[in-house]
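Below: structure.cif (mmCIF, C-alpha atoms)
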data_model
#
loop_
_atom_site.label_atom_id
_atom_site.label_comp_id
_atom_site.auth_asym_id
_atom_site.auth_seq_id
_atom_site.Cartn_x
_atom_site.Cartn_y
_atom_site.Cartn_z
CA MET A 1 -72.19 103.05 -27.29
CA LYS A 2 -70.57 106.43 -27.74
CA ASP A 3 -66.84 106.61 -28.55
CA SER A 4 -66.32 108.73 -25.44
CA ASP A 5 -67.61 105.86 -23.27
CA PHE A 6 -65.19 103.32 -24.63
CA MET A 7 -61.93 104.52 -23.19
CA GLN A 8 -60.66 106.78 -20.49
CA THR A 9 -57.87 109.19 -21.35
CA ILE A 10 -54.60 107.70 -22.53
CA GLU A 11 -52.87 108.69 -19.27
CA GLN A 12 -55.66 107.09 -17.21
CA ALA A 13 -55.42 103.92 -19.28
CA LEU A 14 -51.62 103.75 -18.96
CA LEU A 15 -51.82 104.24 -15.18
CA LYS A 16 -54.43 101.50 -14.87
CA LEU A 17 -52.34 99.14 -17.03
CA GLU A 18 -49.23 99.78 -14.91
CA LYS A 19 -51.10 98.32 -11.92
CA SER A 20 -51.58 95.01 -13.72
CA LYS A 21 -48.73 92.61 -13.04
CA PHE A 22 -49.27 90.94 -16.43
CA ARG A 23 -49.70 94.09 -18.55
CA SER A 24 -46.81 95.91 -16.88
CA SER A 25 -44.48 92.97 -17.55
CA PHE A 26 -44.27 93.88 -21.25
CA LYS A 27 -41.28 95.98 -22.27
CA LEU A 28 -39.71 96.80 -25.62
CA LYS A 29 -36.55 94.78 -26.09
CA GLU A 30 -33.43 96.32 -27.62
CA LYS A 31 -34.31 94.84 -31.03
CA ASP A 32 -37.76 96.49 -30.86
CA ARG A 33 -36.30 99.85 -29.81
CA GLU A 34 -33.83 99.70 -32.70
CA TYR A 35 -36.70 98.96 -35.08
CA VAL A 36 -38.57 102.05 -33.85
CA LYS A 37 -35.44 104.20 -34.14
CA ASN A 38 -34.67 102.94 -37.66
CA LYS A 39 -38.23 103.09 -39.07
CA GLY A 40 -39.41 106.17 -37.20
CA MET A 41 -42.60 106.79 -35.27
CA ASP A 42 -44.65 107.70 -38.35
CA THR A 43 -43.95 104.31 -39.95
CA VAL A 44 -44.64 102.46 -36.70
CA ARG A 45 -47.93 104.39 -36.36
CA SER A 46 -48.84 103.36 -39.91
CA HIS A 47 -48.16 99.72 -39.02
CA ALA A 48 -50.27 100.10 -35.86
CA ARG A 49 -53.18 101.45 -37.93
CA ASP A 50 -52.88 98.51 -40.33
CA PHE A 51 -52.74 95.93 -37.51
CA VAL A 52 -55.73 97.46 -35.70
CA ARG A 53 -57.76 97.77 -38.90
CA ASP A 54 -57.00 94.23 -40.10
CA ARG A 55 -56.75 92.27 -36.83
CA LEU A 56 -59.06 94.05 -34.35
CA ALA A 57 -61.63 96.15 -36.18
CA PRO A 58 -63.70 93.48 -37.98
CA SER A 59 -66.89 92.37 -36.26
CA PHE A 60 -65.85 88.72 -36.62
CA ILE A 61 -62.29 87.51 -36.13
CA ALA A 62 -61.83 83.79 -36.73
CA ASN A 63 -58.79 83.45 -34.46
CA ASP A 64 -59.76 86.04 -31.84
CA GLY A 65 -57.52 85.73 -28.81
CA LYS A 66 -54.68 84.38 -30.90
CA GLN A 67 -54.31 87.03 -33.63
CA THR A 68 -51.53 89.06 -32.01
CA PRO A 69 -48.08 87.50 -31.72
CA MET A 70 -46.13 88.01 -28.49
CA ARG A 71 -43.05 89.22 -30.39
CA GLY A 72 -41.86 90.26 -33.83
CA HIS A 73 -42.96 93.89 -33.95
CA PRO A 74 -43.04 96.71 -31.35
CA VAL A 75 -46.76 97.22 -32.00
CA PHE A 76 -47.49 93.60 -31.06
CA ILE A 77 -45.76 94.13 -27.69
CA ALA A 78 -47.69 97.38 -27.22
CA GLN A 79 -50.96 95.61 -28.00
CA HIS A 80 -50.38 93.10 -25.20
CA ALA A 81 -49.12 95.77 -22.79
CA THR A 82 -52.23 97.91 -23.39
CA ALA A 83 -54.81 95.09 -23.55
CA CYS A 84 -55.50 95.89 -27.22
CA CYS A 85 -54.44 92.46 -28.46
CA CYS A 86 -57.85 90.88 -29.04
CA ARG A 87 -61.53 91.66 -28.77
CA GLY A 88 -61.77 89.76 -25.49
CA CYS A 89 -59.21 92.06 -23.86
CA LEU A 90 -60.78 95.16 -25.43
CA ASN A 91 -64.09 94.10 -23.93
CA LYS A 92 -62.65 93.32 -20.49
CA TRP A 93 -60.49 96.44 -20.17
CA TYR A 94 -62.41 99.04 -22.18
CA ARG A 95 -65.96 97.62 -22.44
CA ILE A 96 -65.81 97.52 -26.22
CA PRO A 97 -68.39 94.96 -27.29
CA LYS A 98 -67.32 91.92 -29.25
CA ASN A 99 -68.84 91.12 -32.65
CA VAL A 100 -69.31 94.78 -33.56
CA GLU A 101 -67.00 96.44 -36.08
CA LEU A 102 -64.80 99.11 -34.54
CA THR A 103 -65.50 102.62 -35.76
CA PRO A 104 -62.68 104.66 -37.33
CA ALA A 105 -62.65 106.83 -34.19
CA GLN A 106 -62.28 103.78 -31.93
CA GLN A 107 -59.49 102.46 -34.13
CA GLU A 108 -57.67 105.78 -33.92
CA LYS A 109 -58.02 105.88 -30.11
CA ILE A 110 -56.48 102.41 -29.92
CA VAL A 111 -53.62 103.45 -32.22
CA ASN A 112 -53.03 106.56 -30.09
CA LEU A 113 -52.86 104.42 -26.94
CA LEU A 114 -50.44 101.98 -28.59
CA MET A 115 -48.21 104.82 -29.75
CA ALA A 116 -48.29 106.53 -26.34
CA TRP A 117 -47.10 103.27 -24.76
CA ILE A 118 -44.32 102.90 -27.36
CA GLU A 119 -43.25 106.54 -26.88
CA LYS A 120 -43.12 106.02 -23.12
CA GLN A 121 -41.01 102.89 -23.59
CA MET A 122 -38.62 104.77 -25.87
CA LYS A 123 -38.27 107.60 -23.32
CA ASN A 124 -37.77 105.15 -20.43
CA THR A 125 -34.94 103.57 -22.41
CA LEU A 126 -33.12 106.89 -22.48
CA ILE A 127 -33.41 107.23 -18.70
CA GLU A 128 -32.24 103.70 -17.84
#

What does the file become when written as structure tokens?
Amino acid sequence: MKDSDFMQTIEQALLKLEKSKFRSSFKLKEKDREYVKNKGMDTVRSHARDFVRDRLAPSFIANDGKQTPMRGHPVFIAQHATACCCRGCLNKWYRIPKNVELTPAQQEKIVNLLMAWIEKQMKNTLIE
């Protein structure tokens, strides 16, 4: 599988996710937005890279489907909102095969999607 096959553009992915009642139900809470403001986007991106590398990238994940909490960090919320929370969702939404280690390029695409969702949430907060 080529990296280009695994995911549409970020905008295409976000539009598709918005049509899902479940995925579109996730929003950053005030506590999460404050965390992003206080830590900064660079730090949050670093956390996203760590979470993706440690919790999604390995070819075998013992607790797959349960490795991403539903709260506690803005990246966790983003992972559920973007269907990047487990290998099952990555397979269903983006056709990324299970039991194959994610390449660095795939990991970076996932991080970019997570950060785009977080940025959009932060901008939407300013409008509301």

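Picture a line from atom CA of Lys123 of chain A to atom CA of Ala57 of chain A; it runs 29.0 Å.
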
Check the smallest atom-to-atom distance from each of A:Lys31, A:Lys21, A:Lys66, A:His47 to Arg87 of chain A using all atoms listed in the file, then report the winner. A:Lys66

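Our summary of the geometry notes that atom CA of Gly65 of chain A is positioned 26.3 Å from atom CA of Glu30 of chain A.
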
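Evaluated against the shown file, the PyMOL selection byres ((chain A and resi 86) around 7) gives A:Leu56, A:Asp64, A:Gly65, A:Gln67, A:Cys84, A:Cys85, A:Arg87, A:Gly88, A:Cys89, A:Leu90.
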
Quick one, how far is atom CA of Val44 of chain A from atom CA of Asn124 of chain A? 17.9 Å

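Considering only C-alpha atoms, the residue among A:Asn63, A:Thr9, A:Lys37, A:Leu14 positioned nearest to Thr82 of chain A is A:Leu14.
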
Quick one: residues within 10 Å of Thr103 of chain A, only C-alpha atoms, excluding same-chain residues fewer than 5 positions away - as an mmCIF file with C-alpha atoms, in the frame of the given file?
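File produced: result_27.cif:
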data_model
loop_
_atom_site.group_PDB
_atom_site.id
_atom_site.type_symbol
_atom_site.label_atom_id
_atom_site.label_comp_id
_atom_site.auth_asym_id
_atom_site.auth_seq_id
_atom_site.Cartn_x
_atom_site.Cartn_y
_atom_site.Cartn_z
ATOM 1 C CA ASP A 3 -66.840 106.610 -28.550
ATOM 2 C CA ARG A 53 -57.760 97.770 -38.900
ATOM 3 C CA ALA A 57 -61.630 96.150 -36.180
ATOM 4 C CA PRO A 58 -63.700 93.480 -37.980
ATOM 5 C CA GLU A 108 -57.670 105.780 -33.920
ATOM 6 C CA LYS A 109 -58.020 105.880 -30.110
#

Taking into account all atoms listed in the file, which residue in the set A:Met41, A:Leu15, A:Met70, A:Val52 is nearest to Pro104 of chain A? A:Val52

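Taking only C-alpha atoms into account, those protein, DNA and RNA residues with any atom at most 12 Å away from (-55.3, 106.1, -20.7) amount to Phe6, Met7, Gln8, Thr9, Ile10, Glu11, Gln12, Ala13, Leu14, Leu15, Lys16, Leu17, Glu18, Thr82, Ala83, Trp93, Tyr94, Lys109, Ile110, Val111, Asn112, Leu113, Leu114, Met115, Ala116 and Trp117 of chain A.
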
Distance query 12 Å from (-47.4, 88.4, -34.3) using all atoms listed in the file, result as a ChimeraX atom specification: /A:51,55,65-80,85-86

On this file, the PyMOL selection byres ((chain A and resi 27) around 8) gives some set of residues; write that set as a ChimeraX atom specification. /A:24-26,28-29,77,81,121
